[in-house]
$ cat data35.csv   # CSV, C-alpha atoms
chain,number,residue,atom,x,y,z
A,1,MET,CA,86.7,100.5,104.0
A,2,LEU,CA,86.4,98.3,107.1
A,3,ARG,CA,85.5,95.3,105.0
A,4,GLN,CA,88.5,95.8,102.7
A,5,THR,CA,90.8,96.2,105.8
A,6,GLY,CA,89.5,93.0,107.2
A,7,PHE,CA,90.1,91.2,103.9
A,8,VAL,CA,93.7,92.5,103.8
A,9,ILE,CA,94.4,91.4,107.3
A,10,LEU,CA,92.9,88.0,106.7
A,11,ALA,CA,94.9,87.6,103.4
A,12,VAL,CA,98.2,88.5,105.1
A,13,LEU,CA,97.5,86.0,108.0
A,14,VAL,CA,96.5,83.2,105.6
A,15,PHE,CA,98.9,83.7,102.6
A,16,GLY,CA,101.6,85.5,104.4
A,17,VAL,CA,101.9,83.3,107.5
A,18,ALA,CA,99.7,80.1,107.4
A,19,VAL,CA,100.5,78.9,103.9
A,20,PRO,CA,104.3,79.5,104.1
A,21,TYR,CA,104.4,77.8,107.5
A,22,THR,CA,102.6,74.8,106.1
A,23,LYS,CA,104.9,74.7,103.0
A,24,GLY,CA,108.1,75.1,105.1
A,25,PHE,CA,111.2,75.6,103.0
A,26,ASP,CA,109.3,74.7,99.8
A,27,PHE,CA,108.0,78.3,100.1
A,28,LEU,CA,111.5,79.5,99.2
A,29,ASP,CA,111.1,78.0,95.7
A,30,PRO,CA,111.3,80.7,93.0
A,31,ILE,CA,107.8,79.9,91.7
A,32,PHE,CA,106.3,80.7,95.1
A,33,ILE,CA,108.3,83.9,95.6
A,34,LEU,CA,107.4,85.2,92.2
A,35,ALA,CA,103.7,84.2,92.5
A,36,TYR,CA,103.5,86.1,95.9
A,37,ALA,CA,105.0,89.1,94.2
A,38,CYS,CA,102.2,89.1,91.7
A,39,MET,CA,99.6,88.9,94.5
A,40,SER,CA,99.8,92.6,94.9
A,41,VAL,CA,97.2,92.9,92.0
A,42,LEU,CA,94.6,91.3,94.3
A,43,PHE,CA,94.9,94.2,96.7
A,44,VAL,CA,95.4,96.9,94.1
A,45,THR,CA,92.4,96.1,92.0
A,46,PRO,CA,89.6,97.1,94.5
A,47,ALA,CA,91.6,99.9,96.0
A,48,ALA,CA,92.5,101.4,92.6
A,49,THR,CA,89.0,101.3,91.1
A,50,GLU,CA,87.6,103.0,94.2
A,51,ALA,CA,90.3,105.6,94.6
A,52,LEU,CA,90.4,106.6,90.9
A,53,SER,CA,86.7,107.0,90.3
A,54,GLY,CA,85.3,110.5,90.6
A,55,ASP,CA,87.3,113.7,90.4
A,56,PRO,CA,89.7,113.6,87.4
A,57,GLN,CA,91.5,116.9,88.0
A,58,PRO,CA,95.3,116.8,88.4
A,59,PRO,CA,97.3,116.3,90.5
A,60,ARG,CA,94.8,114.0,92.3
A,61,PRO,CA,95.0,111.2,89.8
A,62,LEU,CA,98.7,110.9,90.1
A,63,LEU,CA,98.7,111.2,93.9
A,64,ARG,CA,95.9,108.6,94.2
A,65,MET,CA,97.7,106.2,91.8
A,66,LEU,CA,101.0,106.5,93.8
A,67,ALA,CA,99.2,105.9,97.0
A,68,VAL,CA,97.5,102.7,95.7
A,69,TRP,CA,100.6,101.5,94.0
A,70,THR,CA,102.6,101.9,97.3
A,71,PHE,CA,99.8,100.1,99.2
A,72,GLY,CA,99.8,97.1,96.8
A,73,TRP,CA,103.5,96.8,96.4
A,74,GLY,CA,104.0,97.2,100.1
A,75,LEU,CA,101.6,94.4,100.9
A,76,ALA,CA,103.4,92.1,98.4
A,77,ILE,CA,106.7,92.8,100.1
A,78,LEU,CA,105.1,92.2,103.5
A,79,MET,CA,103.7,88.8,102.5
A,80,ILE,CA,107.0,87.7,101.0
A,81,ALA,CA,108.9,88.8,104.1
A,82,SER,CA,106.5,87.2,106.5
A,83,GLY,CA,106.3,84.1,104.4
A,84,ILE,CA,110.1,83.7,104.5
A,85,VAL,CA,110.1,84.1,108.3
A,86,ALA,CA,107.1,81.7,108.7
A,87,ALA,CA,108.9,79.1,106.5
A,88,ASN,CA,112.0,79.4,108.6
A,89,LEU,CA,110.1,79.1,111.9
A,90,LYS,CA,108.8,75.7,110.9
A,91,HIS,CA,112.3,74.3,110.3
A,92,TRP,CA,114.5,76.6,112.3
A,93,THR,CA,118.2,75.8,111.6
A,94,GLY,CA,119.8,78.4,113.8
A,95,HIS,CA,119.9,81.1,111.1
A,96,LEU,CA,117.5,82.6,108.6
A,97,LEU,CA,117.5,81.0,105.2
A,98,ILE,CA,116.4,83.3,102.4
A,99,PRO,CA,116.2,83.0,98.6
A,100,SER,CA,119.0,84.4,96.4
A,101,VAL,CA,119.3,88.2,96.2
A,102,ARG,CA,118.7,88.0,92.4
A,103,LEU,CA,115.4,86.2,93.0
A,104,LEU,CA,114.3,88.7,95.6
A,105,LEU,CA,115.2,91.7,93.4
A,106,ALA,CA,113.3,90.1,90.5
A,107,ALA,CA,110.3,89.5,92.7
A,108,LEU,CA,110.3,93.1,94.0
A,109,PHE,CA,110.6,94.4,90.4
A,110,LEU,CA,107.7,92.1,89.3
A,111,GLY,CA,105.5,93.0,92.2
A,112,GLY,CA,106.0,96.7,91.7
A,113,SER,CA,105.4,96.5,87.9
A,114,SER,CA,102.3,94.4,88.4
A,115,SER,CA,100.9,96.9,90.8
A,116,LEU,CA,101.8,99.8,88.5
A,117,ALA,CA,100.1,98.2,85.4
A,118,THR,CA,97.0,97.2,87.4
A,119,VAL,CA,96.7,100.7,88.9
A,120,ALA,CA,97.1,102.2,85.4
A,121,VAL,CA,94.5,100.0,83.8
A,122,ALA,CA,92.1,100.6,86.7
A,123,GLY,CA,92.5,104.3,86.2
A,124,LEU,CA,91.7,103.9,82.5
A,125,LEU,CA,88.6,101.9,83.2
A,126,ALA,CA,87.5,104.2,86.0
A,127,ARG,CA,87.3,107.1,83.4
A,128,HIS,CA,84.5,105.3,81.5
A,129,TRP,CA,82.8,103.0,84.0
A,130,SER,CA,81.7,102.9,87.6
A,131,SER,CA,84.0,101.6,90.3
A,132,GLN,CA,82.1,98.3,90.6
A,133,THR,CA,82.1,97.7,86.8
A,134,ALA,CA,85.8,98.5,86.5
A,135,LYS,CA,86.5,96.1,89.4
A,136,THR,CA,84.5,93.3,87.7
A,137,ILE,CA,86.2,93.8,84.4
A,138,LEU,CA,89.7,93.6,86.0
A,139,ARG,CA,88.8,90.5,88.0
A,140,LEU,CA,87.3,88.7,85.0
A,141,SER,CA,90.4,89.7,82.9
A,142,PHE,CA,92.7,88.1,85.5
A,143,LEU,CA,90.6,85.0,85.7
A,144,SER,CA,90.5,84.7,81.9
A,145,LEU,CA,94.2,85.1,81.7
A,146,LEU,CA,94.8,82.3,84.2
A,147,LEU,CA,92.4,80.0,82.5
A,148,PHE,CA,94.0,80.8,79.1
A,149,LEU,CA,97.4,80.0,80.4
A,150,ALA,CA,96.2,76.7,82.0
A,151,VAL,CA,94.4,75.6,78.8
A,152,LEU,CA,97.3,76.7,76.6
A,153,TYR,CA,99.7,74.6,78.7
A,154,ARG,CA,97.4,71.7,78.7
A,155,PHE,CA,96.9,71.6,74.9
A,156,MET,CA,100.2,72.9,73.6
A,157,PRO,CA,102.5,70.6,71.6
A,158,GLU,CA,104.6,68.2,73.6
A,159,GLN,CA,107.8,69.8,72.3
A,160,TRP,CA,106.7,73.3,73.4
A,161,ARG,CA,105.6,72.0,76.9
A,162,SER,CA,109.0,70.3,77.2
A,163,THR,CA,110.7,73.6,76.4
A,164,VAL,CA,108.7,75.4,79.0
A,165,GLU,CA,109.5,72.9,81.7
A,166,GLN,CA,113.2,73.0,80.9
A,167,ASN,CA,113.1,76.8,81.6
A,168,LEU,CA,111.4,76.4,84.9
A,169,THR,CA,114.8,76.7,86.6
A,170,SER,CA,115.7,79.5,89.0
A,171,SER,CA,117.7,81.4,86.4
A,172,GLY,CA,115.0,80.9,83.8
A,173,LEU,CA,112.2,82.1,86.1
A,174,ILE,CA,114.3,85.1,87.2
A,175,HIS,CA,114.9,86.0,83.5
A,176,PHE,CA,111.2,85.7,82.7
A,177,ALA,CA,110.2,87.7,85.7
A,178,ILE,CA,112.6,90.6,84.7
A,179,TRP,CA,111.3,90.5,81.1
A,180,ALA,CA,107.7,90.5,82.3
A,181,ALA,CA,108.3,93.2,84.8
A,182,SER,CA,110.0,95.4,82.2
A,183,THR,CA,107.1,95.0,79.8
A,184,LEU,CA,104.5,95.8,82.6
A,185,THR,CA,106.5,98.8,83.6
A,186,VAL,CA,106.5,100.3,80.1
A,187,ALA,CA,102.8,99.6,79.7
A,188,GLY,CA,102.0,101.1,83.1
A,189,VAL,CA,104.0,104.2,82.6
A,190,ALA,CA,102.5,104.8,79.1
A,191,ILE,CA,98.9,104.4,80.3
A,192,THR,CA,99.5,106.6,83.4
A,193,ALA,CA,101.0,109.3,81.2
A,194,TRP,CA,98.0,109.1,78.9
A,195,ILE,CA,95.6,109.4,81.8
A,196,LEU,CA,97.3,112.4,83.3
A,197,ARG,CA,97.4,114.1,79.9
A,198,ARG,CA,93.7,113.5,79.4
A,199,ALA,CA,93.0,114.8,82.9
A,200,LYS,CA,94.8,118.1,82.2
A,201,THR,CA,92.7,118.7,79.1
A,202,ARG,CA,89.4,118.5,81.0
$ encode --input "data35.csv" --output "structure tokens"
Amino acid sequence: MLRQTGFVILAVLVFGVAVPYTKGFDFLDPIFILAYACMSVLFVTPAATEALSGDPQPPRPLLRMLAVWTFGWGLAILMIASGIVAANLKHWTGHLLIPSVRLLLAALFLGGSSSLATVAVAGLLARHWSSQTAKTILRLSFLSLLLFLAVLYRFMPEQWRSTVEQNLTSSGLIHFAIWAASTLTVAGVAITAWILRRAKTR
């Protein structure tokens, strides 16, 4: 527990303060904001696998899942907020510059849905494997997804790549974030409902 707390504090200091301060106003770019929203999964993964292993009896699974989800989403919000403040401190203009409200809302939605889906999958894995095994599976899955996307972008046809780059606008990224968040929310709710139903039958 102490080790995890130290990791969280270090991550907030590095990614929530140092990196945004170094980037300055570049941190306010939609890609950075949305990427930071998804960082909640880094905190949720170890917390969820540890919290959801063991006693399967309701209402404990739901309460534990809500606690971990709140923890992960809250940290994502904290890092985005601290990052905006740190970016402004480097180039203070006399007033706080923030991203658009639509972008912030999309980021909050994406961060919450990412946490929800991760907690749900962690709960599913924790029913069949140990906490450490579930944690490893989730981490390898995230790494594989990132590598797949990188390779896919590298070798996709030039026309497809051009289409992707044309949609890397603020409005395009917001639209994608909302679509992705909606999909993750549906998946997370469905898996959570299944876990709770199975827990009641035990």
$ residues_around --input "data35.csv" --residues "range 115-121 of chain A" --least-positions-apart "4" --cutoff "8 Å" --atoms "only C-alpha atoms" --output "ChimeraX atom specification"
/A:38,40-41,44-45,48,65,68-69,72-73,111,125,184-185,187-189,191-192
$ write_last_selection --input "data35.csv" --atoms "C-alpha atoms" --output "CSV table (one decimal), in the coordinates of the input"
chain,number,residue,atom,x,y,z
A,38,CYS,CA,102.2,89.1,91.7
A,40,SER,CA,99.8,92.6,94.9
A,41,VAL,CA,97.2,92.9,92.0
A,44,VAL,CA,95.4,96.9,94.1
A,45,THR,CA,92.4,96.1,92.0
A,48,ALA,CA,92.5,101.4,92.6
A,65,MET,CA,97.7,106.2,91.8
A,68,VAL,CA,97.5,102.7,95.7
A,69,TRP,CA,100.6,101.5,94.0
A,72,GLY,CA,99.8,97.1,96.8
A,73,TRP,CA,103.5,96.8,96.4
A,111,GLY,CA,105.5,93.0,92.2
A,125,LEU,CA,88.6,101.9,83.2
A,184,LEU,CA,104.5,95.8,82.6
A,185,THR,CA,106.5,98.8,83.6
A,187,ALA,CA,102.8,99.6,79.7
A,188,GLY,CA,102.0,101.1,83.1
A,189,VAL,CA,104.0,104.2,82.6
A,191,ILE,CA,98.9,104.4,80.3
A,192,THR,CA,99.5,106.6,83.4
$ atom_distance --input "data35.csv" --atom1 "CA of Leu110 in chain A" --atom2 "CA of Ala177 in chain A"
6.2 Å
$ residues_around --input "data35.csv" --residues "Gln132 in chain A" --least-positions-apart "6" --cutoff "9 Å" --atoms "all atoms listed in the file" --output "list in words"
Pro46, Thr49 and Glu50 of chain A
$ closest_residue --input "data35.csv" --among "A:Leu138, A:Leu103, A:Ile84, A:Ala18" --to "Ala47 in chain A" --atoms "all atoms listed in the file"
A:Leu138
$ residues_around --input "data35.csv" --residues "Phe15 in chain A" --least-positions-apart "3" --cutoff "9 Å" --atoms "all atoms listed in the file" --output "mmCIF file with C-alpha atoms, in the coordinates of the input"
data_model
loop_
_atom_site.group_PDB
_atom_site.id
_atom_site.type_symbol
_atom_site.label_atom_id
_atom_site.label_comp_id
_atom_site.auth_asym_id
_atom_site.auth_seq_id
_atom_site.Cartn_x
_atom_site.Cartn_y
_atom_site.Cartn_z
ATOM 1 C CA LEU A 10 92.900 88.000 106.700
ATOM 2 C CA ALA A 11 94.900 87.600 103.400
ATOM 3 C CA VAL A 12 98.200 88.500 105.100
ATOM 4 C CA ALA A 18 99.700 80.100 107.400
ATOM 5 C CA VAL A 19 100.500 78.900 103.900
ATOM 6 C CA PRO A 20 104.300 79.500 104.100
ATOM 7 C CA TYR A 36 103.500 86.100 95.900
ATOM 8 C CA MET A 79 103.700 88.800 102.500
ATOM 9 C CA GLY A 83 106.300 84.100 104.400
#
$ atom_distance --input "data35.csv" --atom1 "CA of Asn167 in chain A" --atom2 "CA of Lys23 in chain A"
23.0 Å
$ residues_near_point --input "data35.csv" --point "(116.4, 81.5, 101.5)" --cutoff "10 Å" --atoms "all atoms listed in the file" --output "ChimeraX atom specification"
/A:25-30,84-85,87-88,96-101,103-104
$ build_atoms --input "data35.csv" --residues "range 119-154 of chain A" --atoms "N, CA and C atoms" --output "PDB file, in the frame of the given file"
ATOM      1  N   VAL A 119      97.164  99.401  88.488  1.00  0.00           N
ATOM      2  CA  VAL A 119      96.700 100.700  88.900  1.00  0.00           C
ATOM      3  C   VAL A 119      96.376 101.557  87.603  1.00  0.00           C
ATOM      4  N   ALA A 120      97.267 101.483  86.627  1.00  0.00           N
ATOM      5  CA  ALA A 120      97.100 102.200  85.400  1.00  0.00           C
ATOM      6  C   ALA A 120      95.839 101.801  84.637  1.00  0.00           C
ATOM      7  N   VAL A 121      95.656 100.507  84.503  1.00  0.00           N
ATOM      8  CA  VAL A 121      94.500 100.000  83.800  1.00  0.00           C
ATOM      9  C   VAL A 121      93.207 100.326  84.578  1.00  0.00           C
ATOM     10  N   ALA A 122      93.277 100.232  85.911  1.00  0.00           N
ATOM     11  CA  ALA A 122      92.100 100.600  86.700  1.00  0.00           C
ATOM     12  C   ALA A 122      91.761 102.058  86.546  1.00  0.00           C
ATOM     13  N   GLY A 123      92.785 102.911  86.464  1.00  0.00           N
ATOM     14  CA  GLY A 123      92.500 104.300  86.200  1.00  0.00           C
ATOM     15  C   GLY A 123      91.901 104.574  84.873  1.00  0.00           C
ATOM     16  N   LEU A 124      92.313 103.799  83.893  1.00  0.00           N
ATOM     17  CA  LEU A 124      91.700 103.900  82.500  1.00  0.00           C
ATOM     18  C   LEU A 124      90.284 103.505  82.534  1.00  0.00           C
ATOM     19  N   LEU A 125      89.996 102.379  83.181  1.00  0.00           N
ATOM     20  CA  LEU A 125      88.600 101.900  83.200  1.00  0.00           C
ATOM     21  C   LEU A 125      87.717 102.809  84.031  1.00  0.00           C
ATOM     22  N   ALA A 126      88.267 103.374  85.117  1.00  0.00           N
ATOM     23  CA  ALA A 126      87.500 104.200  86.000  1.00  0.00           C
ATOM     24  C   ALA A 126      87.028 105.518  85.301  1.00  0.00           C
ATOM     25  N   ARG A 127      87.664 105.867  84.188  1.00  0.00           N
ATOM     26  CA  ARG A 127      87.300 107.100  83.400  1.00  0.00           C
ATOM     27  C   ARG A 127      85.982 106.836  82.661  1.00  0.00           C
ATOM     28  N   HIS A 128      85.662 105.575  82.397  1.00  0.00           N
ATOM     29  CA  HIS A 128      84.500 105.300  81.500  1.00  0.00           C
ATOM     30  C   HIS A 128      83.423 104.475  82.251  1.00  0.00           C
ATOM     31  N   TRP A 129      83.755 103.778  83.315  1.00  0.00           N
ATOM     32  CA  TRP A 129      82.800 103.000  84.000  1.00  0.00           C
ATOM     33  C   TRP A 129      82.794 103.245  85.514  1.00  0.00           C
ATOM     34  N   SER A 130      81.800 102.727  86.191  1.00  0.00           N
ATOM     35  CA  SER A 130      81.700 102.900  87.600  1.00  0.00           C
ATOM     36  C   SER A 130      82.816 102.037  88.307  1.00  0.00           C
ATOM     37  N   SER A 131      83.036 102.306  89.586  1.00  0.00           N
ATOM     38  CA  SER A 131      84.000 101.600  90.300  1.00  0.00           C
ATOM     39  C   SER A 131      83.765 100.069  90.328  1.00  0.00           C
ATOM     40  N   GLN A 132      82.506  99.699  90.543  1.00  0.00           N
ATOM     41  CA  GLN A 132      82.100  98.300  90.600  1.00  0.00           C
ATOM     42  C   GLN A 132      82.334  97.611  89.248  1.00  0.00           C
ATOM     43  N   THR A 133      81.947  98.300  88.169  1.00  0.00           N
ATOM     44  CA  THR A 133      82.100  97.700  86.800  1.00  0.00           C
ATOM     45  C   THR A 133      83.582  97.553  86.482  1.00  0.00           C
ATOM     46  N   ALA A 134      84.385  98.566  86.785  1.00  0.00           N
ATOM     47  CA  ALA A 134      85.800  98.500  86.500  1.00  0.00           C
ATOM     48  C   ALA A 134      86.448  97.330  87.296  1.00  0.00           C
ATOM     49  N   LYS A 135      86.021  97.174  88.543  1.00  0.00           N
ATOM     50  CA  LYS A 135      86.500  96.100  89.400  1.00  0.00           C
ATOM     51  C   LYS A 135      86.185  94.728  88.797  1.00  0.00           C
ATOM     52  N   THR A 136      84.953  94.592  88.330  1.00  0.00           N
ATOM     53  CA  THR A 136      84.500  93.300  87.700  1.00  0.00           C
ATOM     54  C   THR A 136      85.286  93.016  86.465  1.00  0.00           C
ATOM     55  N   ILE A 137      85.504  94.035  85.634  1.00  0.00           N
ATOM     56  CA  ILE A 137      86.200  93.800  84.400  1.00  0.00           C
ATOM     57  C   ILE A 137      87.668  93.351  84.685  1.00  0.00           C
ATOM     58  N   LEU A 138      88.316  93.964  85.657  1.00  0.00           N
ATOM     59  CA  LEU A 138      89.700  93.600  86.000  1.00  0.00           C
ATOM     60  C   LEU A 138      89.734  92.147  86.546  1.00  0.00           C
ATOM     61  N   ARG A 139      88.798  91.830  87.416  1.00  0.00           N
ATOM     62  CA  ARG A 139      88.800  90.500  88.000  1.00  0.00           C
ATOM     63  C   ARG A 139      88.535  89.426  86.945  1.00  0.00           C
ATOM     64  N   LEU A 140      87.586  89.677  86.049  1.00  0.00           N
ATOM     65  CA  LEU A 140      87.300  88.700  85.000  1.00  0.00           C
ATOM     66  C   LEU A 140      88.495  88.607  84.025  1.00  0.00           C
ATOM     67  N   SER A 141      89.208  89.713  83.823  1.00  0.00           N
ATOM     68  CA  SER A 141      90.400  89.700  82.900  1.00  0.00           C
ATOM     69  C   SER A 141      91.482  88.817  83.551  1.00  0.00           C
ATOM     70  N   PHE A 142      91.720  88.971  84.869  1.00  0.00           N
ATOM     71  CA  PHE A 142      92.700  88.100  85.500  1.00  0.00           C
ATOM     72  C   PHE A 142      92.351  86.675  85.484  1.00  0.00           C
ATOM     73  N   LEU A 143      91.072  86.384  85.736  1.00  0.00           N
ATOM     74  CA  LEU A 143      90.600  85.000  85.700  1.00  0.00           C
ATOM     75  C   LEU A 143      90.738  84.404  84.315  1.00  0.00           C
ATOM     76  N   SER A 144      90.375  85.190  83.305  1.00  0.00           N
ATOM     77  CA  SER A 144      90.500  84.700  81.900  1.00  0.00           C
ATOM     78  C   SER A 144      91.918  84.445  81.536  1.00  0.00           C
ATOM     79  N   LEU A 145      92.819  85.301  81.998  1.00  0.00           N
ATOM     80  CA  LEU A 145      94.200  85.100  81.700  1.00  0.00           C
ATOM     81  C   LEU A 145      94.759  83.811  82.321  1.00  0.00           C
ATOM     82  N   LEU A 146      94.371  83.557  83.569  1.00  0.00           N
ATOM     83  CA  LEU A 146      94.800  82.300  84.200  1.00  0.00           C
ATOM     84  C   LEU A 146      94.245  81.096  83.541  1.00  0.00           C
ATOM     85  N   LEU A 147      92.970  81.150  83.164  1.00  0.00           N
ATOM     86  CA  LEU A 147      92.400  80.000  82.500  1.00  0.00           C
ATOM     87  C   LEU A 147      93.005  79.810  81.100  1.00  0.00           C
ATOM     88  N   PHE A 148      93.308  80.905  80.413  1.00  0.00           N
ATOM     89  CA  PHE A 148      94.000  80.800  79.100  1.00  0.00           C
ATOM     90  C   PHE A 148      95.310  80.137  79.207  1.00  0.00           C
ATOM     91  N   LEU A 149      96.095  80.543  80.201  1.00  0.00           N
ATOM     92  CA  LEU A 149      97.400  80.000  80.400  1.00  0.00           C
ATOM     93  C   LEU A 149      97.329  78.474  80.735  1.00  0.00           C
ATOM     94  N   ALA A 150      96.335  78.134  81.584  1.00  0.00           N
ATOM     95  CA  ALA A 150      96.200  76.700  82.000  1.00  0.00           C
ATOM     96  C   ALA A 150      95.771  75.884  80.773  1.00  0.00           C
ATOM     97  N   VAL A 151      94.833  76.375  79.973  1.00  0.00           N
ATOM     98  CA  VAL A 151      94.400  75.600  78.800  1.00  0.00           C
ATOM     99  C   VAL A 151      95.503  75.559  77.749  1.00  0.00           C
ATOM    100  N   LEU A 152      96.210  76.678  77.584  1.00  0.00           N
ATOM    101  CA  LEU A 152      97.300  76.700  76.600  1.00  0.00           C
ATOM    102  C   LEU A 152      98.376  75.679  76.969  1.00  0.00           C
ATOM    103  N   TYR A 153      98.725  75.611  78.259  1.00  0.00           N
ATOM    104  CA  TYR A 153      99.700  74.600  78.700  1.00  0.00           C
ATOM    105  C   TYR A 153      99.232  73.207  78.495  1.00  0.00           C
ATOM    106  N   ARG A 154      97.949  73.018  78.748  1.00  0.00           N
ATOM    107  CA  ARG A 154      97.400  71.700  78.700  1.00  0.00           C
ATOM    108  C   ARG A 154      97.378  71.149  77.234  1.00  0.00           C
TER     109      ARG A 154
END
